[in-house]
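The file upload06.txt comes next; it holds compact mmCIF, C-alpha atoms.
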```txt
# COMPACT_ATOMS: atom_id res chain seq x y z
CA MET A 1 122.14 103.87 114.20
CA ALA A 2 123.29 102.45 117.50
CA ASP A 3 120.86 104.77 119.32
CA PHE A 4 117.96 102.67 118.03
CA MET A 5 119.31 99.19 118.69
CA THR A 6 117.88 98.65 122.19
CA GLU A 7 114.61 96.75 122.04
CA THR A 8 111.66 97.61 124.24
CA ARG A 9 109.65 94.42 124.38
CA GLN A 10 106.25 94.02 125.97
CA GLY A 11 106.78 93.18 129.59
CA SER A 12 110.22 94.79 129.78
CA PRO A 13 110.74 97.90 131.96
CA GLY A 14 110.26 100.24 129.00
CA ALA A 15 107.06 98.69 127.64
CA PRO A 16 104.05 98.88 129.97
CA ARG A 17 101.41 96.21 129.54
CA PRO A 18 97.91 97.32 128.57
CA GLY A 19 96.15 98.70 131.59
CA THR A 20 99.29 99.80 133.44
CA THR A 21 100.52 103.34 133.86
CA GLY A 22 103.86 104.73 132.85
CA GLU A 23 105.43 107.46 130.83
CA ARG A 24 104.19 107.39 127.26
CA PRO A 25 107.14 106.89 124.87
CA GLY A 26 106.44 109.93 122.77
CA ASN A 27 103.12 111.17 121.44
CA ALA A 28 102.36 109.66 118.07
CA THR A 29 99.86 112.35 117.27
CA THR A 30 102.17 115.27 117.87
CA ALA A 31 104.26 116.62 115.02
CA GLY A 32 107.94 115.70 115.32
CA THR A 33 107.48 112.84 117.75
CA GLY A 34 106.71 109.17 117.47
CA PRO A 35 107.48 105.85 119.13
CA PHE A 36 110.84 107.10 120.42
CA HIS A 37 111.52 109.53 123.24
CA GLY A 38 112.10 113.13 122.23
CA PRO A 39 111.88 115.01 118.96
CA ALA A 40 112.74 113.44 115.63
CA PRO A 41 116.26 114.22 114.40
CA ALA A 42 115.93 117.14 112.01
CA GLY A 43 118.59 115.75 109.66
CA GLY A 44 116.79 112.43 109.38
CA GLN A 45 113.49 114.10 108.57
CA GLU A 46 115.14 116.25 105.92
CA GLU A 47 116.84 113.21 104.41
CA ALA A 48 113.55 111.31 104.33
CA ALA A 49 111.78 114.24 102.68
CA ALA A 50 114.51 114.41 100.04
CA LEU A 51 114.26 110.67 99.38
CA LEU A 52 110.49 110.85 99.05
CA GLU A 53 110.75 113.78 96.64
CA ARG A 54 113.39 112.00 94.55
CA ALA A 55 111.22 108.88 94.45
CA ARG A 56 108.24 110.90 93.29
CA VAL A 57 110.31 112.59 90.55
CA LEU A 58 111.57 109.22 89.29
CA VAL A 59 108.32 107.29 89.67
CA ASP A 60 105.59 109.76 88.71
CA PRO A 61 106.31 109.90 84.95
CA GLU A 62 106.36 106.11 84.70
CA LEU A 63 103.31 105.82 86.92
CA ARG A 64 101.34 108.28 84.81
CA ALA A 65 102.38 106.48 81.63
CA ALA A 66 101.25 103.16 83.06
CA VAL A 67 97.87 104.54 84.13
CA ALA A 68 97.44 106.17 80.72
CA SER A 69 97.64 102.71 79.12
CA LEU A 70 94.45 101.55 80.87
CA PRO A 71 91.11 101.39 79.05
CA ALA A 72 89.19 104.67 79.33
CA PRO A 73 86.65 103.73 82.06
CA MET A 74 89.32 102.40 84.45
CA ARG A 75 91.80 105.11 83.49
CA ARG A 76 89.26 107.77 84.48
CA ILE A 77 88.82 106.26 87.94
CA ALA A 78 92.56 105.75 88.43
CA LEU A 79 93.31 109.35 87.44
CA TYR A 80 90.74 110.53 89.98
CA HIS A 81 92.01 108.20 92.70
CA PHE A 82 95.61 109.32 92.23
CA GLY A 83 94.52 112.93 92.52
CA TRP A 84 95.44 113.95 88.98
CA GLU A 85 91.91 114.69 87.76
CA ASP A 86 88.50 115.63 89.12
CA ALA A 87 85.52 113.35 88.59
CA ASP A 88 84.64 115.25 85.43
CA GLY A 89 88.13 114.74 83.99
CA SER A 90 89.43 118.24 84.72
CA PRO A 91 93.15 118.25 85.62
CA VAL A 92 93.96 119.11 89.23
CA ALA A 93 97.18 119.73 91.08
CA GLY A 94 96.63 116.82 93.42
CA GLY A 95 99.03 114.49 95.13
CA THR A 96 99.33 110.71 95.05
CA GLY A 97 100.50 110.35 98.62
CA LYS A 98 103.94 110.39 100.15
CA ALA A 99 105.45 107.68 97.87
CA MET A 100 106.77 105.80 100.90
CA ARG A 101 106.75 102.38 99.24
CA PRO A 102 108.47 103.45 95.99
CA ALA A 103 111.02 105.33 98.09
CA LEU A 104 111.77 102.14 100.03
CA VAL A 105 112.31 100.20 96.79
CA LEU A 106 114.74 102.82 95.48
CA ALA A 107 116.50 103.35 98.81
CA ALA A 108 117.04 99.60 99.25
CA ALA A 109 118.40 99.25 95.72
CA GLY A 110 120.65 102.26 96.20
CA ALA A 111 121.92 101.11 99.60
CA LEU A 112 122.98 97.74 98.22
CA GLY A 113 123.81 98.49 94.59
CA GLY A 114 124.42 102.20 94.25
CA PRO A 115 122.92 104.70 91.77
CA ALA A 116 122.81 102.25 88.85
CA ALA A 117 120.72 99.75 90.81
CA ARG A 118 118.45 102.53 92.05
CA ALA A 119 117.79 103.71 88.48
CA ALA A 120 117.15 100.16 87.30
CA ALA A 121 114.63 99.58 90.10
CA VAL A 122 112.20 102.31 88.97
CA PRO A 123 109.81 99.80 87.28
CA ALA A 124 109.69 97.82 90.52
CA ALA A 125 108.96 100.99 92.47
CA VAL A 126 106.11 101.84 90.09
CA ALA A 127 104.74 98.30 90.40
CA VAL A 128 104.71 98.51 94.18
CA GLU A 129 102.91 101.85 94.06
CA LEU A 130 100.29 100.41 91.71
CA VAL A 131 99.67 97.48 94.05
CA HIS A 132 99.44 99.82 97.02
CA ASN A 133 96.76 101.86 95.29
CA PHE A 134 94.93 98.71 94.23
CA THR A 135 94.64 97.88 97.94
CA LEU A 136 93.46 101.40 98.77
CA LEU A 137 90.66 101.27 96.20
CA HIS A 138 89.49 97.93 97.54
CA ASP A 139 89.93 98.89 101.21
CA ASP A 140 87.77 101.97 100.77
CA VAL A 141 84.95 99.88 99.32
CA MET A 142 85.23 97.18 101.98
CA ASP A 143 85.47 99.64 104.87
CA ARG A 144 82.94 102.07 103.37
CA ASP A 145 85.39 104.92 103.87
CA THR A 146 84.06 108.08 102.26
CA SER A 147 87.18 110.25 102.35
CA ARG A 148 90.80 109.75 101.33
CA ARG A 149 93.47 112.41 100.83
CA HIS A 150 90.92 115.11 101.65
CA ARG A 151 88.50 114.19 98.85
CA PRO A 152 85.65 111.69 98.35
CA THR A 153 86.79 108.12 97.77
CA ALA A 154 86.48 106.63 94.30
CA TRP A 155 83.62 104.27 95.14
CA THR A 156 81.48 107.15 96.42
CA VAL A 157 81.95 108.92 93.07
CA PHE A 158 81.93 106.04 90.58
CA GLY A 159 80.25 103.20 92.48
CA ASP A 160 81.52 100.00 94.09
CA ALA A 161 81.85 97.87 90.97
CA ASP A 162 83.84 100.38 88.94
CA ALA A 163 86.15 101.19 91.86
CA LEU A 164 86.88 97.50 92.40
CA LEU A 165 87.51 96.93 88.69
CA ALA A 166 89.90 99.88 88.59
CA GLY A 167 91.76 98.38 91.53
CA ASN A 168 91.99 95.03 89.77
CA ALA A 169 93.38 96.76 86.69
CA LEU A 170 96.09 98.49 88.76
CA GLN A 171 97.18 95.15 90.20
CA ALA A 172 97.39 93.55 86.75
CA LEU A 173 99.23 96.58 85.44
CA ALA A 174 101.86 96.23 88.17
CA LEU A 175 102.60 92.64 87.23
CA ARG A 176 102.65 93.51 83.53
CA LEU A 177 105.29 96.19 84.14
CA LEU A 178 107.55 93.65 85.79
CA ALA A 179 106.85 90.98 83.17
CA GLU A 180 107.92 93.42 80.43
CA ASP A 181 111.03 94.64 82.26
CA PRO A 182 114.20 93.08 80.75
CA HIS A 183 116.12 93.34 84.02
CA PRO A 184 117.20 89.87 85.29
CA ALA A 185 115.55 90.53 88.65
CA SER A 186 112.13 91.27 87.15
CA GLY A 187 110.95 87.64 87.17
CA PRO A 188 111.76 86.98 90.84
CA ALA A 189 110.38 90.44 91.66
CA ALA A 190 107.07 89.66 89.92
CA ALA A 191 106.80 86.36 91.77
CA ARG A 192 107.52 88.05 95.08
CA LEU A 193 105.00 90.83 94.43
CA ALA A 194 102.33 88.30 93.43
CA ALA A 195 102.95 86.34 96.63
CA CYS A 196 102.66 89.59 98.56
CA VAL A 197 99.26 90.29 97.00
CA VAL A 198 98.07 86.84 98.11
CA GLU A 199 99.32 87.61 101.63
CA LEU A 200 97.56 90.98 101.57
CA CYS A 201 94.30 89.28 100.60
CA ALA A 202 94.76 86.72 103.36
CA GLY A 203 95.30 89.53 105.84
CA GLU A 204 92.13 91.26 104.68
CA SER A 205 90.22 88.00 104.98
CA THR A 206 91.46 87.55 108.54
CA ASP A 207 90.54 91.15 109.34
CA THR A 208 87.01 90.56 108.05
CA ALA A 209 86.73 87.37 110.07
CA LEU A 210 87.92 89.11 113.25
CA GLU A 211 85.30 91.81 112.79
CA ARG A 212 82.57 89.16 112.93
CA ARG A 213 83.81 87.78 116.24
CA ALA A 214 82.83 89.03 119.68
CA PRO A 215 85.17 91.55 121.35
CA ASP A 216 86.44 88.96 123.83
CA GLU A 217 87.20 86.39 121.11
CA VAL A 218 90.15 88.18 119.45
CA SER A 219 93.69 87.76 120.75
CA LEU A 220 96.47 90.31 120.45
CA GLU A 221 98.63 87.76 118.63
CA GLU A 222 95.94 87.31 115.94
CA ALA A 223 95.58 91.05 115.53
CA LEU A 224 99.35 91.55 115.14
CA ALA A 225 99.60 88.73 112.59
CA MET A 226 96.74 90.26 110.64
CA ALA A 227 98.40 93.69 110.69
CA GLU A 228 101.68 92.25 109.45
CA ALA A 229 99.92 90.64 106.50
CA LYS A 230 97.85 93.75 105.68
CA THR A 231 100.50 96.43 106.14
CA GLY A 232 103.91 94.94 106.85
CA ALA A 233 103.93 92.58 103.88
CA LEU A 234 103.94 95.29 101.20
CA LEU A 235 106.58 97.41 102.92
CA GLY A 236 108.70 94.28 103.30
CA CYS A 237 108.12 93.41 99.66
CA ALA A 238 109.13 96.93 98.60
CA CYS A 239 112.46 96.60 100.38
CA ALA A 240 112.97 93.07 99.05
CA LEU A 241 112.36 94.18 95.47
CA GLY A 242 115.01 96.87 95.87
CA ALA A 243 117.40 94.21 97.15
CA LEU A 244 116.62 91.94 94.19
CA TYR A 245 117.33 94.72 91.69
CA ALA A 246 120.65 95.33 93.45
CA GLY A 247 121.60 91.68 92.95
CA THR A 248 121.51 90.85 96.65
CA GLY A 249 121.47 87.23 97.78
CA GLU A 250 118.65 85.48 99.61
CA ASP A 251 119.89 86.31 103.12
CA GLY A 252 120.11 90.03 102.46
CA THR A 253 116.78 90.07 100.65
CA THR A 254 115.09 88.22 103.51
CA ALA A 255 116.62 90.59 106.07
CA LEU A 256 115.38 93.65 104.17
CA ASP A 257 111.95 92.07 103.88
CA GLY A 258 112.01 91.65 107.65
CA PHE A 259 113.06 95.28 108.08
CA GLY A 260 110.12 96.48 106.00
CA ARG A 261 107.66 94.22 107.78
CA GLN A 262 108.65 95.53 111.20
CA VAL A 263 108.49 99.11 109.95
CA GLY A 264 105.05 98.30 108.56
CA LEU A 265 103.85 97.06 111.93
CA ALA A 266 105.19 100.18 113.63
CA PHE A 267 103.47 102.26 110.94
CA GLN A 268 100.17 100.43 111.48
CA LEU A 269 100.36 100.83 115.24
CA ILE A 270 100.87 104.57 114.96
CA ASP A 271 98.25 104.79 112.20
CA ASP A 272 95.75 103.10 114.50
CA VAL A 273 96.59 105.56 117.26
CA ILE A 274 96.11 108.48 114.88
CA GLY A 275 92.84 106.93 113.68
CA ILE A 276 91.44 107.21 117.21
CA TRP A 277 93.10 110.34 118.56
CA GLY A 278 94.35 112.15 115.44
CA ASP A 279 93.37 115.52 114.03
CA PRO A 280 91.08 115.24 110.98
CA ARG A 281 92.68 118.39 109.55
CA HIS A 282 95.88 116.39 109.17
CA THR A 283 94.55 112.89 108.50
CA GLY A 284 91.88 113.83 105.97
CA LYS A 285 89.44 111.43 107.65
CA PRO A 286 86.78 111.98 110.33
CA VAL A 287 88.08 111.09 113.78
CA GLY A 288 86.75 107.99 115.47
CA THR A 289 85.35 106.26 112.39
CA ASP A 290 87.07 102.98 113.31
CA LEU A 291 85.58 103.15 116.80
CA ALA A 292 82.13 103.93 115.47
CA ALA A 293 82.38 100.95 113.12
CA ARG A 294 83.67 98.76 115.99
CA LYS A 295 86.93 98.02 114.16
CA LYS A 296 89.28 95.82 116.17
CA SER A 297 92.38 97.92 115.62
CA LEU A 298 95.56 97.12 117.52
CA PRO A 299 95.07 99.63 120.39
CA VAL A 300 91.49 98.42 120.78
CA VAL A 301 92.47 94.74 120.95
CA ALA A 302 95.26 95.54 123.40
CA ALA A 303 92.73 97.39 125.55
CA LEU A 304 90.13 94.62 125.28
CA THR A 305 92.65 92.00 126.42
CA SER A 306 94.08 94.05 129.29
CA GLY A 307 91.82 92.57 131.99
CA THR A 308 91.04 96.03 133.41
CA PRO A 309 87.67 97.53 134.38
CA ALA A 310 88.01 99.86 131.40
CA ALA A 311 88.37 96.76 129.18
CA ALA A 312 85.01 95.51 130.39
CA GLU A 313 83.45 98.89 129.64
CA LEU A 314 85.01 98.86 126.18
CA ALA A 315 83.77 95.32 125.51
CA ALA A 316 80.25 96.41 126.40
CA LEU A 317 80.47 99.36 124.00
CA TYR A 318 81.90 97.19 121.24
CA GLY A 319 79.32 94.50 121.85
CA LYS A 320 76.46 96.77 120.84
CA PRO A 321 75.36 96.60 117.18
CA TYR A 322 76.60 99.56 115.18
CA VAL A 323 73.79 101.96 114.32
CA LYS A 324 75.26 105.09 112.76
CA GLU A 325 72.48 107.42 113.80
CA ALA A 326 72.82 106.35 117.43
CA ASP A 327 76.58 106.85 117.66
CA THR A 328 77.13 110.42 118.72
CA SER A 329 80.49 112.13 119.03
CA GLU A 330 80.02 111.85 122.79
CA GLU A 331 79.85 108.06 122.61
CA ILE A 332 82.88 107.92 120.33
CA ALA A 333 84.78 110.07 122.83
CA ARG A 334 83.68 107.74 125.64
CA THR A 335 84.92 104.73 123.65
CA ALA A 336 88.27 106.38 122.94
CA LEU A 337 88.65 107.17 126.64
CA ALA A 338 87.95 103.53 127.53
CA VAL A 339 90.66 102.39 125.09
CA GLU A 340 93.13 104.81 126.65
CA ARG A 341 92.24 103.96 130.25
CA ALA A 342 92.68 100.27 129.47
CA GLY A 343 96.20 100.96 128.23
CA GLY A 344 95.63 100.55 124.52
CA ARG A 345 97.27 103.82 123.54
CA ASP A 346 100.35 103.35 125.73
CA TRP A 347 100.76 99.76 124.58
CA ALA A 348 100.51 100.69 120.89
CA GLN A 349 103.19 103.36 121.19
CA ALA A 350 105.53 101.11 123.19
CA GLU A 351 104.97 98.26 120.73
CA ALA A 352 105.73 100.60 117.83
CA ALA A 353 109.09 101.40 119.45
CA ASP A 354 109.74 97.68 119.88
CA ARG A 355 108.95 96.99 116.23
CA MET A 356 111.25 99.77 115.10
CA ALA A 357 114.06 98.32 117.19
CA ARG A 358 113.54 94.95 115.53
CA ALA A 359 113.49 96.67 112.14
CA VAL A 360 116.88 98.26 112.79
CA GLN A 361 118.32 94.87 113.76
CA GLN A 362 117.13 93.41 110.45
CA LEU A 363 118.51 96.40 108.56
CA ALA A 364 121.93 95.93 110.15
CA LEU A 365 122.02 92.34 108.87
CA ALA A 366 121.38 93.42 105.28
CA VAL A 367 123.23 96.76 105.21
CA PRO A 368 125.89 96.75 107.95
CA ALA A 369 127.42 100.10 106.91
CA PRO A 370 125.52 102.83 108.83
CA LYS A 371 126.04 105.43 106.11
CA ALA A 372 124.56 103.18 103.42
CA ALA A 373 121.63 102.25 105.66
CA GLY A 374 120.88 105.86 106.59
CA GLY A 375 118.28 106.46 103.90
CA LEU A 376 116.23 103.40 104.79
CA LEU A 377 116.38 104.29 108.48
CA ALA A 378 115.34 107.88 107.73
CA LEU A 379 112.31 106.64 105.80
CA ALA A 380 111.36 104.29 108.61
CA GLU A 381 111.60 107.11 111.12
CA PHE A 382 109.56 109.38 108.89
CA ALA A 383 106.80 106.77 108.59
CA THR A 384 106.38 106.47 112.34
CA ARG A 385 106.86 110.11 113.32
CA ARG A 386 103.76 111.47 111.65
CA SER A 387 101.52 114.27 112.70
CA GLY A 388 97.91 113.22 113.30
```
Conversion result in C-alpha cells:
Amino acid sequence: MADFMTETRQGSPGAPRPGTTGERPGNATTAGTGPFHGPAPAGGQEEAAALLERARVLVDPELRAAVASLPAPMRRIALYHFGWEDADGSPVAGGTGKAMRPALVLAAAGALGGPAARAAAVPAAVAVELVHNFTLLHDDVMDRDTSRRHRPTAWTVFGDADALLAGNALQALALRLLAEDPHPASGPAAARLAACVVELCAGESTDTALERRAPDEVSLEEALAMAEAKTGALLGCACALGALYAGTGEDGTTALDGFGRQVGLAFQLIDDVIGIWGDPRHTGKPVGTDLAARKKSLPVVAALTSGTPAAAELAALYGKPYVKEADTSEEIARTALAVERAGGRDWAQAEAADRMARAVQQLALAVPAPKAAGGLLALAEFATRRSG
C-alpha cells in the first residue's frame, strides 16, 4: 500500500497543468493501465474480480427478490433495465453491471468486522445497488442517452414517464429494505443513504445549471464539486454503510466515506476520458456523445480554463448551439483534439492519480492494517484501470 501513498497534486512536478506538456501518467483507455504509471498489478486485478463476483453472488438473489416485489408495470421496466429480461418479458442472460458499489459495502464491512459483518451487510449492499440503478434510469432520461450496457435504454423502450417512475420505485425500495432490516445499523444506514440521494440530486441540479452557462463561465472547482456530489457521494456512502454494519465509530466511518468519495472522483475523471477517447466496443456507448451534446465534463472544463489557444478554439466550438444533424464525426474529432491539445486529457489522468492517492490516505486512517485494507484498495484500482 505504501507504493500509492505519494500524492501528485496539480501544480506539483508530477501533475502538469492543463495546456502543458509532459509524460501522460498511464493511458486510461488502454487495458491494464490507469492513473498510475505502468501496468496494473495482476494480483490486485484478480482479487478485485473475485470480490466483485462474490458480491454479485451474495447480492443478486436479494436484488432479484426485491425487484420482484414491485408492481407489475415498474417490475417489467426494472427487469429490463437490470438486463434480466427483454422488453417483451423474455428471460435473457444479461448482466447488471460490475457490482462495484455492493462490493465496496461488503469489502468495507469485511475489512472492519470480518465475515459476520460482511454477511450482515448484504441488505445495505442491495440498497446501494438499487439507488445506483435509480440514478441510471433518471440519468438516461435527463441526458437522452439511448444505449446502456450494449442495449437500448429503458426510456427509449418504455417512455420517459415510466422509466422515471421505475427509478423512483427503486429508490423507495432501497429505503424500505433498510427500514425492514433488524440490524442495529440499519437506521443510521437508511438516514445516510437518504442524505446521499439528496446530495446526488443536488449534484445533478448543479450539472444541469452548468450546462446552461457559457463555456467560459464554469470553473474547475465547480466542476469537481459537482462530480463529487454526482459520483463520489454514492461510492463514499457505500463504504460508510459497510463501516456502519461493522460497528465502526464515527471517525472510521467518515474516513471510509472520504476514501469512497476520492475513488469516485478518480472513477469519474477516467470515465470522462473514456467518454471522449474510449472504444465504443468496450463502453457500449457511441464515442463523443458528451462532446456533441456540449457536456462540460472534467477534461473539457480543464481544457476550457487552461488559457491556451486550443482552449479558445474549444470555447468557440462549445459556444455553438448543438444541432445533431450538423455535428459530424469530423467535428467531434476536432473537438476532442482541441480538448487534448489544451491539456484536458493529461490533467484528468494526473488528477485521477492525485485523487487515488488521497483515497489511500483516507483508507489508512480507517483500516491501518494493509492486509485488511487490500480488498478495498483492489476495488479502487479496478475502478480506475478500466479498458475504454
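Among the candidate residues A:Thr153, A:Lys98, A:Met74, A:Thr146, the one lying nearest to Val57 of chain A is A:Lys98, with distances computed using all atoms listed in the file.
With atom CA of Val300 of chain A on one side and atom CA of Gly97 of chain A on the other, the separation reads 26.7 Å.
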May I have a table of the residues of segment 291-373 of chain A lying at most 6 Å from segment 250-270 of chain A, giving each one's closest pair of atoms and their distance in Å to one decimal, counting all atoms listed in the file, ordered by chain and ascending residue number, as JSON lines?
```
{"residue": "A:Ala348", "atom": "CA", "partner": "A:Leu269", "partner_atom": "CA", "distance": 5.7}
{"residue": "A:Ala352", "atom": "CA", "partner": "A:Ala266", "partner_atom": "CA", "distance": 4.3}
{"residue": "A:Arg355", "atom": "CA", "partner": "A:Gln262", "partner_atom": "CA", "distance": 5.2}
{"residue": "A:Met356", "atom": "CA", "partner": "A:Val263", "partner_atom": "CA", "distance": 5.9}
{"residue": "A:Ala359", "atom": "CA", "partner": "A:Phe259", "partner_atom": "CA", "distance": 4.3}
{"residue": "A:Gln362", "atom": "CA", "partner": "A:Phe259", "partner_atom": "CA", "distance": 5.1}
{"residue": "A:Leu363", "atom": "CA", "partner": "A:Phe259", "partner_atom": "CA", "distance": 5.6}
{"residue": "A:Ala366", "atom": "CA", "partner": "A:Gly252", "partner_atom": "CA", "distance": 4.6}
```
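Residue nearest Leu51 of chain A, chosen from A:Ala350, A:Leu137, A:Leu298, A:Ala107 and counting only C-alpha atoms: A:Ala107.
For the pair atom CA of Pro182 of chain A and atom CA of Pro123 of chain A, the interatomic distance is 10.3 Å.
Separating atom CA of Ala302 of chain A from atom CA of Leu210 of chain A is a distance of 14.1 Å.
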Complete segment 187-207 of chain A with N, CA, C and O atoms (output as a compact mmCIF listing (two decimals), in the coordinates of the input).
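selection-v3.txt written:
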```
# COMPACT_ATOMS: atom_id res chain seq x y z
N GLY A 187 111.73 88.86 86.96
CA GLY A 187 110.95 87.64 87.17
C GLY A 187 110.79 87.31 88.64
O GLY A 187 109.65 87.15 89.12
N PRO A 188 111.90 87.20 89.40
CA PRO A 188 111.76 86.98 90.84
C PRO A 188 110.97 88.09 91.54
O PRO A 188 110.24 87.83 92.48
N ALA A 189 111.11 89.33 91.05
CA ALA A 189 110.38 90.44 91.66
C ALA A 189 108.88 90.28 91.43
O ALA A 189 108.06 90.50 92.34
N ALA A 190 108.49 89.87 90.21
CA ALA A 190 107.07 89.66 89.92
C ALA A 190 106.50 88.54 90.79
O ALA A 190 105.38 88.65 91.31
N ALA A 191 107.26 87.47 90.94
CA ALA A 191 106.80 86.36 91.77
C ALA A 191 106.63 86.80 93.22
O ALA A 191 105.65 86.44 93.90
N ARG A 192 107.59 87.59 93.69
CA ARG A 192 107.52 88.05 95.08
C ARG A 192 106.34 89.01 95.27
O ARG A 192 105.65 88.95 96.29
N LEU A 193 106.11 89.89 94.31
CA LEU A 193 105.00 90.83 94.43
C LEU A 193 103.67 90.09 94.37
O LEU A 193 102.73 90.43 95.11
N ALA A 194 103.56 89.09 93.50
CA ALA A 194 102.33 88.30 93.43
C ALA A 194 102.07 87.58 94.74
O ALA A 194 100.93 87.53 95.23
N ALA A 195 103.11 87.01 95.33
CA ALA A 195 102.95 86.34 96.63
C ALA A 195 102.52 87.33 97.70
O ALA A 195 101.73 87.01 98.60
N CYS A 196 103.04 88.55 97.60
CA CYS A 196 102.66 89.59 98.56
C CYS A 196 101.19 89.92 98.43
O CYS A 196 100.49 90.10 99.44
N VAL A 197 100.68 90.00 97.21
CA VAL A 197 99.26 90.29 97.00
C VAL A 197 98.40 89.20 97.63
O VAL A 197 97.38 89.48 98.27
N VAL A 198 98.81 87.94 97.48
CA VAL A 198 98.07 86.84 98.11
C VAL A 198 98.07 87.02 99.63
O VAL A 198 97.05 86.83 100.30
N GLU A 199 99.23 87.40 100.19
CA GLU A 199 99.32 87.61 101.63
C GLU A 199 98.44 88.79 102.06
O GLU A 199 97.77 88.73 103.11
N LEU A 200 98.42 89.84 101.26
CA LEU A 200 97.56 90.98 101.57
C LEU A 200 96.09 90.55 101.61
O LEU A 200 95.34 90.94 102.51
N CYS A 201 95.69 89.75 100.64
CA CYS A 201 94.30 89.28 100.60
C CYS A 201 94.00 88.39 101.81
O CYS A 201 92.90 88.47 102.39
N ALA A 202 94.96 87.56 102.18
CA ALA A 202 94.76 86.72 103.36
C ALA A 202 94.62 87.57 104.61
O ALA A 202 93.79 87.28 105.49
N GLY A 203 95.41 88.63 104.70
CA GLY A 203 95.30 89.53 105.84
C GLY A 203 93.95 90.21 105.89
O GLY A 203 93.34 90.35 106.96
N GLU A 204 93.45 90.64 104.74
CA GLU A 204 92.13 91.26 104.68
C GLU A 204 91.04 90.27 105.08
O GLU A 204 90.08 90.61 105.76
N SER A 205 91.20 89.03 104.62
CA SER A 205 90.22 88.00 104.98
C SER A 205 90.20 87.78 106.48
O SER A 205 89.12 87.66 107.10
N THR A 206 91.39 87.72 107.09
CA THR A 206 91.46 87.55 108.54
C THR A 206 90.83 88.74 109.25
O THR A 206 90.10 88.57 110.23
N ASP A 207 91.11 89.94 108.74
CA ASP A 207 90.54 91.15 109.34
C ASP A 207 89.01 91.08 109.31
O ASP A 207 88.34 91.39 110.30
```
